[in-house]
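Enquirer: Next up, run-v1.txt (compact mmCIF, C-alpha atoms).
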```txt
# COMPACT_ATOMS: atom_id res chain seq x y z
CA MET M 24 52.11 3.43 11.51
CA SER M 25 54.81 4.61 13.91
CA ASP M 26 54.65 8.12 12.47
CA LEU M 27 51.06 8.48 13.66
CA THR M 28 49.97 9.35 17.18
CA MET M 29 46.70 7.76 18.21
CA ASN M 30 44.50 8.43 21.20
CA SER M 31 43.80 5.58 23.59
CA MET M 32 40.56 4.53 21.93
CA GLN M 33 42.10 4.46 18.46
CA ARG M 34 45.10 2.54 19.76
CA THR M 35 42.91 -0.04 21.47
CA LEU M 36 40.49 -0.54 18.59
CA THR M 37 43.37 -0.93 16.14
CA THR M 38 45.00 -3.69 18.16
CA LEU M 39 41.64 -5.41 18.70
CA GLY M 40 41.32 -5.44 14.92
CA HIS M 41 44.58 -7.42 14.90
CA GLN M 42 46.50 -4.59 13.33
CA GLU M 43 49.48 -2.73 14.71
CA PRO M 44 48.70 0.71 16.20
CA ASP M 45 51.29 3.40 17.00
CA ARG M 46 52.29 1.53 20.18
CA VAL M 47 51.18 -1.32 22.38
CA PRO M 48 48.12 -0.28 24.42
CA LEU M 49 48.69 -0.27 28.17
CA PHE M 50 45.82 -1.01 30.55
CA LEU M 51 47.02 -0.22 34.07
CA LEU M 52 44.12 -1.64 36.05
CA THR M 53 44.61 0.43 39.18
CA THR M 54 41.67 0.60 41.58
CA LEU M 55 42.94 1.03 45.12
CA HIS M 56 45.67 3.49 44.09
CA GLY M 57 43.00 6.12 43.68
CA ALA M 58 42.50 6.13 47.46
CA LYS M 59 46.21 6.83 47.87
CA GLU M 60 46.00 9.74 45.46
CA LEU M 61 43.19 11.33 47.43
CA GLY M 62 44.63 10.50 50.86
CA LEU M 63 41.56 8.49 51.82
CA SER M 64 41.00 5.09 53.38
CA ILE M 65 39.83 2.45 50.93
CA GLU M 66 36.39 2.35 52.57
CA GLU M 67 35.98 6.12 52.43
CA TYR M 68 37.26 6.24 48.86
CA PHE M 69 34.60 3.83 47.61
CA SER M 70 31.81 5.51 49.58
CA LYS M 71 31.26 8.25 46.97
CA SER M 72 31.32 8.12 43.20
CA GLU M 73 32.99 11.55 43.12
CA ASN M 74 36.04 10.07 44.85
CA VAL M 75 36.46 7.29 42.30
CA VAL M 76 35.96 9.66 39.38
CA GLU M 77 38.66 11.97 40.70
CA GLY M 78 40.94 9.04 41.52
CA GLN M 79 40.60 7.48 38.08
CA MET M 80 41.24 10.78 36.29
CA ARG M 81 44.35 11.43 38.39
CA LEU M 82 45.67 7.93 37.76
CA LEU M 83 45.06 8.25 34.02
CA LYS M 84 47.13 11.42 33.90
CA LYS M 85 49.80 10.16 36.31
CA TYR M 86 50.52 6.78 34.71
CA ARG M 87 49.52 7.59 31.09
CA GLY M 88 47.61 4.35 30.60
CA ASP M 89 45.05 3.68 27.90
CA CYS M 90 41.86 3.00 29.85
CA LEU M 91 39.71 4.10 32.74
CA TYR M 92 38.68 1.35 35.15
CA PRO M 93 35.64 2.27 37.28
CA PHE M 94 35.69 -1.12 39.01
CA TYR M 95 35.11 -0.78 42.76
CA TYR M 96 35.53 -4.25 44.31
CA ALA M 97 34.25 -7.75 43.52
CA PRO M 98 31.92 -8.07 46.55
CA ILE M 99 29.91 -5.06 45.38
CA GLU M 100 27.83 -7.55 43.41
CA THR M 101 27.03 -9.76 46.40
CA GLU M 102 26.49 -6.56 48.37
CA ALA M 103 23.64 -5.85 45.94
CA TRP M 104 22.23 -9.28 46.88
CA GLY M 105 22.32 -8.29 50.57
CA GLY M 106 25.80 -9.55 51.38
CA GLU M 107 28.41 -8.08 53.71
CA VAL M 108 31.59 -6.31 52.60
CA ILE M 109 34.72 -6.42 54.77
CA TYR M 110 37.10 -3.49 54.20
CA LEU M 111 40.83 -3.85 54.61
CA PRO M 112 43.35 -1.03 55.11
CA ASP M 113 45.73 -2.19 52.35
CA GLY M 114 43.90 -4.52 50.01
CA PRO M 115 40.66 -5.04 48.09
CA PRO M 116 37.46 -5.38 50.12
CA ASN M 117 36.41 -8.97 50.76
CA THR M 118 33.09 -10.78 50.92
CA GLY M 119 31.69 -11.47 54.37
CA ASN M 120 29.51 -14.44 55.28
CA PRO M 121 27.96 -16.10 52.21
CA ILE M 122 24.37 -15.09 51.50
CA ILE M 123 23.56 -18.75 50.79
CA GLN M 124 24.17 -20.72 53.98
CA GLN M 125 22.08 -23.76 53.00
CA VAL M 126 21.55 -24.98 49.45
CA ALA M 127 17.78 -25.03 49.99
CA GLN M 128 17.92 -21.21 50.12
CA ILE M 129 18.57 -21.22 46.39
CA ASP M 130 14.91 -22.23 45.85
CA ARG M 131 13.74 -18.96 47.44
CA LEU M 132 16.53 -16.69 46.19
CA GLU M 133 15.60 -13.65 44.14
CA ALA M 134 17.99 -11.61 42.02
CA PRO M 135 18.23 -7.92 42.95
CA ARG M 136 17.21 -5.20 40.53
CA VAL M 137 20.19 -3.11 39.50
CA SER M 138 18.08 0.05 39.46
CA GLU M 139 17.23 -0.46 43.14
CA SER M 140 20.79 -1.01 44.41
CA ALA M 141 22.53 1.97 46.02
CA CYS M 142 26.01 0.41 45.77
CA LEU M 143 25.64 -0.37 42.08
CA ALA M 144 24.24 3.12 41.47
CA ARG M 145 27.57 4.57 42.65
CA VAL M 146 29.38 2.60 39.95
CA LEU M 147 26.95 3.78 37.28
CA GLU M 148 27.37 7.37 38.43
CA THR M 149 31.13 6.94 38.19
CA ILE M 150 30.94 5.59 34.64
CA SER M 151 28.62 8.41 33.52
CA ALA M 152 30.89 11.08 35.01
CA LEU M 153 34.00 9.57 33.42
CA LYS M 154 32.25 9.36 30.07
CA ALA M 155 31.37 13.05 30.32
CA LYS M 156 35.03 13.87 30.89
CA VAL M 157 36.71 11.75 28.19
CA GLY M 158 34.00 11.07 25.63
CA ASP M 159 35.19 8.49 23.13
CA SER M 160 38.90 9.23 23.52
CA VAL M 161 39.63 6.67 26.28
CA PRO M 162 38.06 3.21 26.76
CA ILE M 163 36.01 2.90 29.94
CA ILE M 164 36.03 -0.70 31.16
CA GLY M 165 33.05 -1.90 33.16
CA VAL M 166 33.15 -5.13 35.15
CA ALA M 167 30.69 -7.95 35.73
CA ILE M 168 31.46 -11.17 37.57
CA SER M 169 30.32 -14.10 35.45
CA PRO M 170 27.15 -15.88 36.59
CA PHE M 171 29.25 -19.03 36.76
CA SER M 172 31.89 -17.54 39.07
CA LEU M 173 29.63 -15.37 41.25
CA PRO M 174 28.52 -18.33 43.45
CA VAL M 175 32.01 -18.55 44.96
CA MET M 176 31.11 -15.33 46.78
CA GLN M 177 27.44 -16.24 47.20
CA MET M 178 27.99 -19.59 48.90
CA GLY M 179 31.71 -20.41 49.16
CA PHE M 180 33.92 -22.40 46.81
CA GLU M 181 33.60 -25.85 48.40
CA ASP M 182 29.80 -25.75 48.64
CA TYR M 183 29.55 -24.42 45.10
CA ILE M 184 31.68 -27.19 43.63
CA GLN M 185 29.55 -29.72 45.49
CA LEU M 186 26.39 -28.09 44.11
CA MET M 187 27.82 -28.21 40.59
CA TYR M 188 28.42 -31.96 40.77
CA GLU M 189 25.59 -33.16 43.01
CA ASP M 190 22.52 -30.92 42.62
CA ARG M 191 22.05 -30.06 38.97
CA ARG M 192 18.52 -28.69 39.45
CA ARG M 193 19.57 -26.07 41.98
CA PHE M 194 22.74 -25.34 40.02
CA GLU M 195 20.69 -24.52 36.91
CA HIS M 196 18.28 -22.42 38.94
CA LEU M 197 21.13 -20.40 40.45
CA MET M 198 22.64 -19.93 36.99
CA ALA M 199 19.33 -18.59 35.67
CA LEU M 200 19.13 -16.06 38.51
CA ASN M 201 22.74 -15.01 38.10
CA GLU M 202 22.53 -14.75 34.32
CA ALA M 203 19.58 -12.38 34.60
CA PHE M 204 21.43 -10.25 37.14
CA THR M 205 24.76 -10.20 35.28
CA THR M 206 23.09 -9.28 32.00
CA GLU M 207 21.14 -6.43 33.58
CA TRP M 208 24.24 -5.20 35.43
CA ALA M 209 26.51 -5.31 32.38
CA ASN M 210 23.97 -3.58 30.16
CA ALA M 211 23.38 -0.87 32.77
CA GLN M 212 27.11 -0.11 32.73
CA LEU M 213 27.16 0.05 28.94
CA ALA M 214 24.14 2.35 28.97
CA ALA M 215 25.94 4.58 31.48
CA GLY M 216 28.88 4.97 29.11
CA ALA M 217 31.16 1.95 29.50
CA THR M 218 32.97 0.99 26.32
CA ALA M 219 33.19 -2.72 27.10
CA ILE M 220 32.60 -5.20 29.91
CA CYS M 221 35.30 -7.25 31.58
CA TYR M 222 33.59 -10.58 32.30
CA PHE M 223 35.51 -12.08 35.22
CA ASP M 224 35.22 -15.86 35.13
CA PRO M 225 38.00 -17.46 37.22
CA VAL M 226 36.02 -20.59 38.07
CA SER M 227 36.09 -21.53 34.37
CA SER M 228 39.88 -21.56 34.44
CA THR M 229 41.61 -24.93 34.15
CA THR M 230 43.27 -23.96 37.42
CA ASN M 231 39.90 -24.58 39.08
CA ILE M 232 37.90 -27.08 37.01
CA PRO M 233 38.70 -29.56 34.22
CA ARG M 234 37.96 -28.59 30.63
CA GLU M 235 35.26 -31.26 30.35
CA LEU M 236 33.28 -29.64 33.15
CA TYR M 237 33.82 -26.16 31.72
CA LEU M 238 32.35 -27.20 28.37
CA LYS M 239 29.18 -28.41 30.12
CA THR M 240 28.86 -25.49 32.52
CA GLY M 241 30.88 -22.27 32.35
CA GLN M 242 31.10 -22.17 28.58
CA GLN M 243 27.35 -22.65 28.18
CA VAL M 244 26.66 -19.95 30.76
CA ALA M 245 29.05 -17.60 28.96
CA LYS M 246 27.48 -18.25 25.55
CA ARG M 247 24.02 -17.43 26.90
CA THR M 248 25.12 -14.41 28.90
CA LEU M 249 27.51 -12.76 26.47
CA SER M 250 24.94 -13.00 23.68
CA ARG M 251 22.62 -10.84 25.79
CA ILE M 252 25.20 -8.18 26.68
CA ASN M 253 24.81 -5.15 24.41
CA GLY M 254 28.48 -4.48 23.81
CA PRO M 255 31.94 -6.02 23.51
CA THR M 256 33.30 -8.19 26.29
CA ALA M 257 36.67 -9.36 27.55
CA THR M 258 36.75 -12.64 29.46
CA HIS M 259 39.24 -12.67 32.33
CA MET M 260 40.45 -15.69 34.29
CA ALA M 261 41.80 -13.50 37.14
CA SER M 262 45.27 -15.16 37.17
CA GLY M 263 43.90 -18.62 36.40
CA ARG M 264 45.23 -20.71 33.54
CA GLY M 265 43.36 -20.57 30.25
CA LEU M 266 45.65 -21.91 27.54
CA GLY M 267 43.93 -25.29 27.43
CA ILE M 268 40.51 -23.70 26.84
CA LEU M 269 41.48 -20.62 24.84
CA GLN M 270 39.71 -21.78 21.69
CA ASP M 271 36.69 -22.79 23.79
CA ILE M 272 36.56 -19.30 25.32
CA ALA M 273 36.74 -17.80 21.83
CA GLU M 274 33.59 -19.73 20.92
CA THR M 275 31.61 -17.81 23.55
CA GLY M 276 31.81 -14.63 21.46
CA THR M 277 34.21 -12.69 23.65
CA ALA M 278 36.70 -10.36 21.97
CA VAL M 279 39.56 -10.43 24.49
CA VAL M 280 40.93 -12.96 26.97
CA GLY M 281 42.85 -11.92 30.09
CA VAL M 282 45.75 -14.34 30.40
CA SER M 283 47.83 -15.63 33.30
CA ALA M 284 51.47 -15.04 34.15
CA LEU M 285 51.57 -18.77 34.90
CA GLU M 286 51.51 -19.48 31.16
CA ASP M 287 53.80 -18.55 28.29
CA LEU M 288 52.58 -15.55 26.34
CA ALA M 289 54.08 -16.78 23.06
CA GLU M 290 52.12 -20.04 23.36
CA LEU M 291 48.96 -18.11 24.20
CA LYS M 292 49.42 -15.82 21.19
CA GLN M 293 49.86 -18.81 18.91
CA ALA M 294 46.79 -20.50 20.36
CA ALA M 295 44.70 -17.33 20.00
CA ASN M 296 45.50 -17.42 16.28
CA GLY M 297 43.76 -14.12 15.58
CA ARG M 298 40.40 -15.29 16.96
CA VAL M 299 40.69 -13.29 20.18
CA SER M 300 43.02 -10.59 21.45
CA LEU M 301 45.08 -11.09 24.60
CA LEU M 302 45.25 -8.93 27.73
CA GLY M 303 48.12 -9.50 30.13
CA ASN M 304 50.24 -10.91 31.53
CA LEU M 305 52.51 -9.04 33.97
CA ASN M 306 52.69 -10.71 37.38
CA GLY M 307 50.99 -8.32 39.80
CA ILE M 308 52.19 -10.16 42.90
CA GLU M 309 55.85 -10.08 41.85
CA MET M 310 55.36 -6.50 40.68
CA ARG M 311 55.25 -5.39 44.31
CA HIS M 312 58.99 -6.06 44.58
CA TRP M 313 60.25 -5.19 41.10
CA THR M 314 63.03 -2.74 40.52
CA GLY M 315 62.73 -0.33 37.63
CA GLN M 316 65.03 -2.54 35.61
CA GLN M 317 62.95 -5.64 36.33
CA ALA M 318 59.81 -3.79 35.30
CA GLU M 319 61.40 -2.81 32.00
CA GLU M 320 62.61 -6.35 31.32
CA ASN M 321 59.20 -7.86 32.03
CA VAL M 322 57.52 -5.34 29.74
CA LYS M 323 60.03 -6.10 26.98
CA GLN M 324 59.48 -9.83 27.33
CA ALA M 325 55.69 -9.47 27.15
CA ILE M 326 55.91 -7.24 24.08
CA ARG M 327 58.39 -9.59 22.44
CA LYS M 328 56.11 -12.58 22.91
CA GLY M 329 52.66 -11.09 22.42
CA ALA M 330 52.62 -7.82 20.51
CA ARG M 331 53.54 -8.70 16.93
CA GLY M 332 50.63 -8.11 14.56
CA GLY M 333 48.44 -6.41 17.14
CA GLY M 334 45.84 -8.34 19.12
CA PHE M 335 47.62 -7.57 22.38
CA ILE M 336 47.05 -5.20 25.30
CA LEU M 337 49.68 -5.06 28.03
CA ALA M 338 48.25 -5.31 31.54
CA ASP M 339 48.69 -7.16 34.80
CA ASN M 340 47.54 -10.77 34.82
CA HIS M 341 44.90 -10.59 37.55
CA GLY M 342 42.74 -7.63 36.60
CA GLU M 343 43.70 -5.47 39.58
CA ILE M 344 47.10 -4.12 40.51
CA PRO M 345 47.83 -4.65 44.23
CA TRP M 346 47.86 -1.72 46.65
CA GLN M 347 51.49 -2.49 47.52
CA VAL M 348 52.86 -1.88 44.00
CA PRO M 349 54.83 1.38 44.28
CA ASP M 350 54.55 4.38 41.99
CA GLU M 351 58.10 3.87 40.79
CA VAL M 352 57.25 0.48 39.33
CA LEU M 353 54.11 1.74 37.58
CA HIS M 354 56.04 4.65 36.08
CA ALA M 355 58.76 2.22 34.97
CA ILE M 356 56.17 0.06 33.22
CA THR M 357 54.77 3.09 31.38
CA ASP M 358 58.24 4.30 30.40
CA ALA M 359 59.16 0.85 29.12
CA VAL M 360 56.05 0.71 26.94
CA ASP M 361 56.92 4.12 25.51
CA CYS M 362 60.45 2.92 24.79
CA TRP M 363 59.89 -0.65 23.57
CA GLY M 364 56.24 -0.75 22.53
CA ARG M 365 56.39 1.51 19.45
CA TYR M 366 55.40 -0.16 16.20
CA PRO M 367 56.96 -1.47 14.08
CA LEU M 368 58.78 -3.60 16.65
CA ASP M 369 62.07 -3.63 14.77
CA TRP M 370 64.04 -4.66 17.84
CA VAL M 371 62.13 -7.94 18.26
CA ASP M 372 63.96 -10.97 16.87
```
Show me the file's structure as structure tokens.
Expert:
Amino acid sequence: MSDLTMNSMQRTLTTLGHQEPDRVPLFLLTTLHGAKELGLSIEEYFSKSENVVEGQMRLLKKYRGDCLYPFYYAPIETEAWGGEVIYLPDGPPNTGNPIIQQVAQIDRLEAPRVSESACLARVLETISALKAKVGDSVPIIGVAISPFSLPVMQMGFEDYIQLMYEDRRRFEHLMALNEAFTTEWANAQLAAGATAICYFDPVSSTTNIPRELYLKTGQQVAKRTLSRINGPTATHMASGRGLGILQDIAETGTAVVGVSALEDLAELKQAANGRVSLLGNLNGIEMRHWTGQQAEENVKQAIRKGARGGGFILADNHGEIPWQVPDEVLHAITDAVDCWGRYPLDWVD
């Protein structure tokens, strides 16, 4: 199919069908770089949907990627629950004090309505405006934190792990609240024009919990939640390891799995076995210091290991490219995909 030129949507859908498109799709998941493009602080950039729309459209043209990514920042979801957001000058906004200070608060907790949240409305406005600009030519990727991983921001990691093991009643109650919120939030993004939802679920990673616990908790939450989301989903471990549970993740009904740079892409591709597509796995942290040559070599290695037969989208391994990654590196990644990512991959051994 190398004699055909596809648009980004065609290219992505072809690879998700485990066929080879014209070239490897490239998802450059740049969020903060839009603020740089507009000469704004990160806080000011995310204060208006118009800023993010303009930033995303500029980044799409500048880096020639294959998706739009109207993700603002992870704490926007706890912000909707009444939480605090801490803005940084050179990194993603962070969550402030947890909204759950004592586990007994879970008994009285109520999930926010998406339609009544001003911060979430900005994201929906962004998605709608991007959809009006690109139609069905470019995938628009919405984001929802999994109900199972959201409590890390709601109450802190240590307290959440303790809750998971020691207070099953409150754990299940919190999951029910979060599942209702996540489902409503994901479906609102799809209704606004998102093509698919990236379901961030790092707590489920074997980096954080053993597989046995995942099968009893995170996998069950994912099965219930994903079945209620009205569109395709990609499950992302946000740099965490997933090889040991890749087949378990596939059973949740997700179409794509975001994979870690900590694991071998060839092993992941073999384990996926055509059941799910892979997204990854360039190391975003190391990317900050790459030369152009290093960027090209890392792209080549990823394509060599993961791109045969489709079912592969090249991206960073975390789901957000750091602010400190320079333009030169991002351009080098794009150029390398243009050079080495054309199907058929005759150069691959």
Enquirer: So that I can see what lies close to range 37-53 of chain M, please list as a list in words the residues with an atom at most 6 Å from it, counting all atoms listed in the file and leaving out residues fewer than 5 positions away in the same chain.
Expert: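 After dropping sequence-adjacent residues, the list is Met24, Ser25, Gly88, Asp89, Cys90, Gly332, Gly333, Gly334, Ile336, Leu337, Ala338, Glu343, Ile344, Gly364, Arg365 and Tyr366 of chain M.
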Enquirer: Which residue out of M:Thr240, M:Asn74, M:Thr314, M:Gln324 has the minimum interatomic distance to Thr54 in chain M when only C-alpha atoms are used?
Expert: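 For Thr54 in chain M, the nearest of the given residues is M:Asn74.
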Enquirer: Of the residues M:Glu148, M:Asp372, M:Glu274, M:Asp130, which is the one nearest to Ser72 in chain M, using only C-alpha atoms?
Expert: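 Selected residue with least distance to Ser72 in chain M: M:Glu148.
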Enquirer: Show me as a PDB file with C-alpha atoms, keeping the file's coordinate frame the residues that reach within 12 Å of (30.6, 11.6, 42.8), counting all atoms listed in the file and using the file's own coordinates.
Expert:
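Result saved to out_4.pdb:
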```pdb
ATOM      1  CA  TYR M  68      37.260   6.240  48.860  1.00  0.00           C
ATOM      2  CA  PHE M  69      34.600   3.830  47.610  1.00  0.00           C
ATOM      3  CA  SER M  70      31.810   5.510  49.580  1.00  0.00           C
ATOM      4  CA  LYS M  71      31.260   8.250  46.970  1.00  0.00           C
ATOM      5  CA  SER M  72      31.320   8.120  43.200  1.00  0.00           C
ATOM      6  CA  GLU M  73      32.990  11.550  43.120  1.00  0.00           C
ATOM      7  CA  ASN M  74      36.040  10.070  44.850  1.00  0.00           C
ATOM      8  CA  VAL M  75      36.460   7.290  42.300  1.00  0.00           C
ATOM      9  CA  VAL M  76      35.960   9.660  39.380  1.00  0.00           C
ATOM     10  CA  GLU M  77      38.660  11.970  40.700  1.00  0.00           C
ATOM     11  CA  GLY M  78      40.940   9.040  41.520  1.00  0.00           C
ATOM     12  CA  GLN M  79      40.600   7.480  38.080  1.00  0.00           C
ATOM     13  CA  PRO M  93      35.640   2.270  37.280  1.00  0.00           C
ATOM     14  CA  ALA M 144      24.240   3.120  41.470  1.00  0.00           C
ATOM     15  CA  ARG M 145      27.570   4.570  42.650  1.00  0.00           C
ATOM     16  CA  VAL M 146      29.380   2.600  39.950  1.00  0.00           C
ATOM     17  CA  LEU M 147      26.950   3.780  37.280  1.00  0.00           C
ATOM     18  CA  GLU M 148      27.370   7.370  38.430  1.00  0.00           C
ATOM     19  CA  THR M 149      31.130   6.940  38.190  1.00  0.00           C
ATOM     20  CA  ILE M 150      30.940   5.590  34.640  1.00  0.00           C
ATOM     21  CA  SER M 151      28.620   8.410  33.520  1.00  0.00           C
ATOM     22  CA  ALA M 152      30.890  11.080  35.010  1.00  0.00           C
ATOM     23  CA  LEU M 153      34.000   9.570  33.420  1.00  0.00           C
TER      24      LEU M 153
END
```
Enquirer: Would you work out the distance separating CA of Asn231 in chain M from CA of Pro112 in chain M, expressed in Å to one decimal?
Expert: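 Computing the Euclidean distance for CA of Asn231 in chain M and CA of Pro112 in chain M yields 28.7 Å.
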Enquirer: Contacts of Leu285 in chain M at 10 Å or less, counting only C-alpha atoms, minus same-chain residues fewer than 6 places along, as JSON, numbers by chain?
Expert: {"M": [262, 263, 264, 265, 266, 304, 305, 306, 340]}
Enquirer: For a cutoff of 7 Å around the file-coordinate point (45.6, 7.7, 23.7), which residues qualify once you count only C-alpha atoms? I'd like the result as a list in words.
Expert: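 Checked against the point, the hits come out as Met29, Asn30, Ser31, Met32, Arg34, Asp89, Ser160 and Val161 of chain M.
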Enquirer: Measure the distance from CA of Ala318 in chain M to CA of Leu288 in chain M in Å and round it to one decimal.
Expert: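 Rounded to one decimal, the two atoms are 16.5 Å apart.
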Enquirer: So which one's closest to Pro225 in chain M, M:Trp208, M:Met310, M:His341, M:Ala203? Using all atoms listed in the file, please.
Expert: M:His341
Enquirer: Please indicate the distance in Å from CA of Ile356 in chain M to CA of Asp339 in chain M, rounded to one decimal place.
Expert: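 Taking CA of Ile356 in chain M and CA of Asp339 in chain M, their separation equals 10.5 Å.
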Enquirer: Dump as CSV the rows for residues of range 130-204 of chain M within 12 Å of range 233-236 of chain M: closest atom pair and distance in Å with one decimal, all atoms listed in the file counted, ordered by chain and rising residue number.
Expert:
```
residue,atom,partner,partner_atom,distance
M:Phe171,CA,M:Leu236,CA,11.9
M:Ile184,CA,M:Leu236,CA,10.9
M:Met187,CA,M:Leu236,CA,9.3
M:Tyr188,CA,M:Leu236,CA,9.3
```
Enquirer: Find the residues near Gly281 in chain M: any atom within 7 Å, counting only C-alpha atoms, skip ones fewer than 3 places away on the same chain, and give them as a list in words.
Expert: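 Surrounding residues, per the criterion: Thr258, His259, Met260, Leu301, Leu302, Gly303 and Asn340 of chain M.
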Enquirer: Identify which of the residues M:Asp182, M:Glu60, M:Asp271, M:Glu189 lies closest to Gln124 in chain M, counting only C-alpha atoms when measuring atom-to-atom distances.
Expert: M:Asp182
Enquirer: Mind checking which residues fall within 10 Å of His56 in chain M, counting only C-alpha atoms, ignoring those fewer than 5 positions away in the same chain, and posting them as a PDB file with C-alpha atoms, keeping the file's coordinate frame?
Expert:
```pdb
ATOM      1  CA  LEU M  61      43.190  11.330  47.430  1.00  0.00           C
ATOM      2  CA  GLY M  62      44.630  10.500  50.860  1.00  0.00           C
ATOM      3  CA  ILE M  65      39.830   2.450  50.930  1.00  0.00           C
ATOM      4  CA  GLY M  78      40.940   9.040  41.520  1.00  0.00           C
ATOM      5  CA  GLN M  79      40.600   7.480  38.080  1.00  0.00           C
ATOM      6  CA  ARG M  81      44.350  11.430  38.390  1.00  0.00           C
ATOM      7  CA  LEU M  82      45.670   7.930  37.760  1.00  0.00           C
ATOM      8  CA  ILE M 344      47.100  -4.120  40.510  1.00  0.00           C
ATOM      9  CA  PRO M 345      47.830  -4.650  44.230  1.00  0.00           C
ATOM     10  CA  TRP M 346      47.860  -1.720  46.650  1.00  0.00           C
ATOM     11  CA  GLN M 347      51.490  -2.490  47.520  1.00  0.00           C
ATOM     12  CA  VAL M 348      52.860  -1.880  44.000  1.00  0.00           C
ATOM     13  CA  PRO M 349      54.830   1.380  44.280  1.00  0.00           C
ATOM     14  CA  ASP M 350      54.550   4.380  41.990  1.00  0.00           C
TER      15      ASP M 350
END
```
Enquirer: Can you build me a table of range 169-196 of chain M residues sitting at most 10 Å from range 113-123 of chain M, with the closest atom pair per residue and its distance in Å to one decimal, using all atoms listed in the file, sorted by chain and residue number, as a Markdown table?
Expert:
```
| residue | atom | partner | partner_atom | distance |
| --- | --- | --- | --- | --- |
| M:Pro174 | CA | M:Ile123 | CA | 8.9 |
| M:Val175 | CA | M:Pro121 | CA | 8.7 |
| M:Met176 | CA | M:Pro121 | CA | 6.3 |
| M:Gln177 | CA | M:Pro121 | CA | 5.0 |
| M:Met178 | CA | M:Pro121 | CA | 4.8 |
| M:Gly179 | CA | M:Pro121 | CA | 6.5 |
| M:Asp182 | CA | M:Ile123 | CA | 9.6 |
```
Enquirer: Using all atoms listed in the file, pick whichever of M:Asp361, M:Glu286, M:Asp190, M:Glu102 has the shortest atom-to-atom distance to Ala141 in chain M.
Expert: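 Using all atoms listed in the file, Ala141 in chain M sits closest to M:Glu102.
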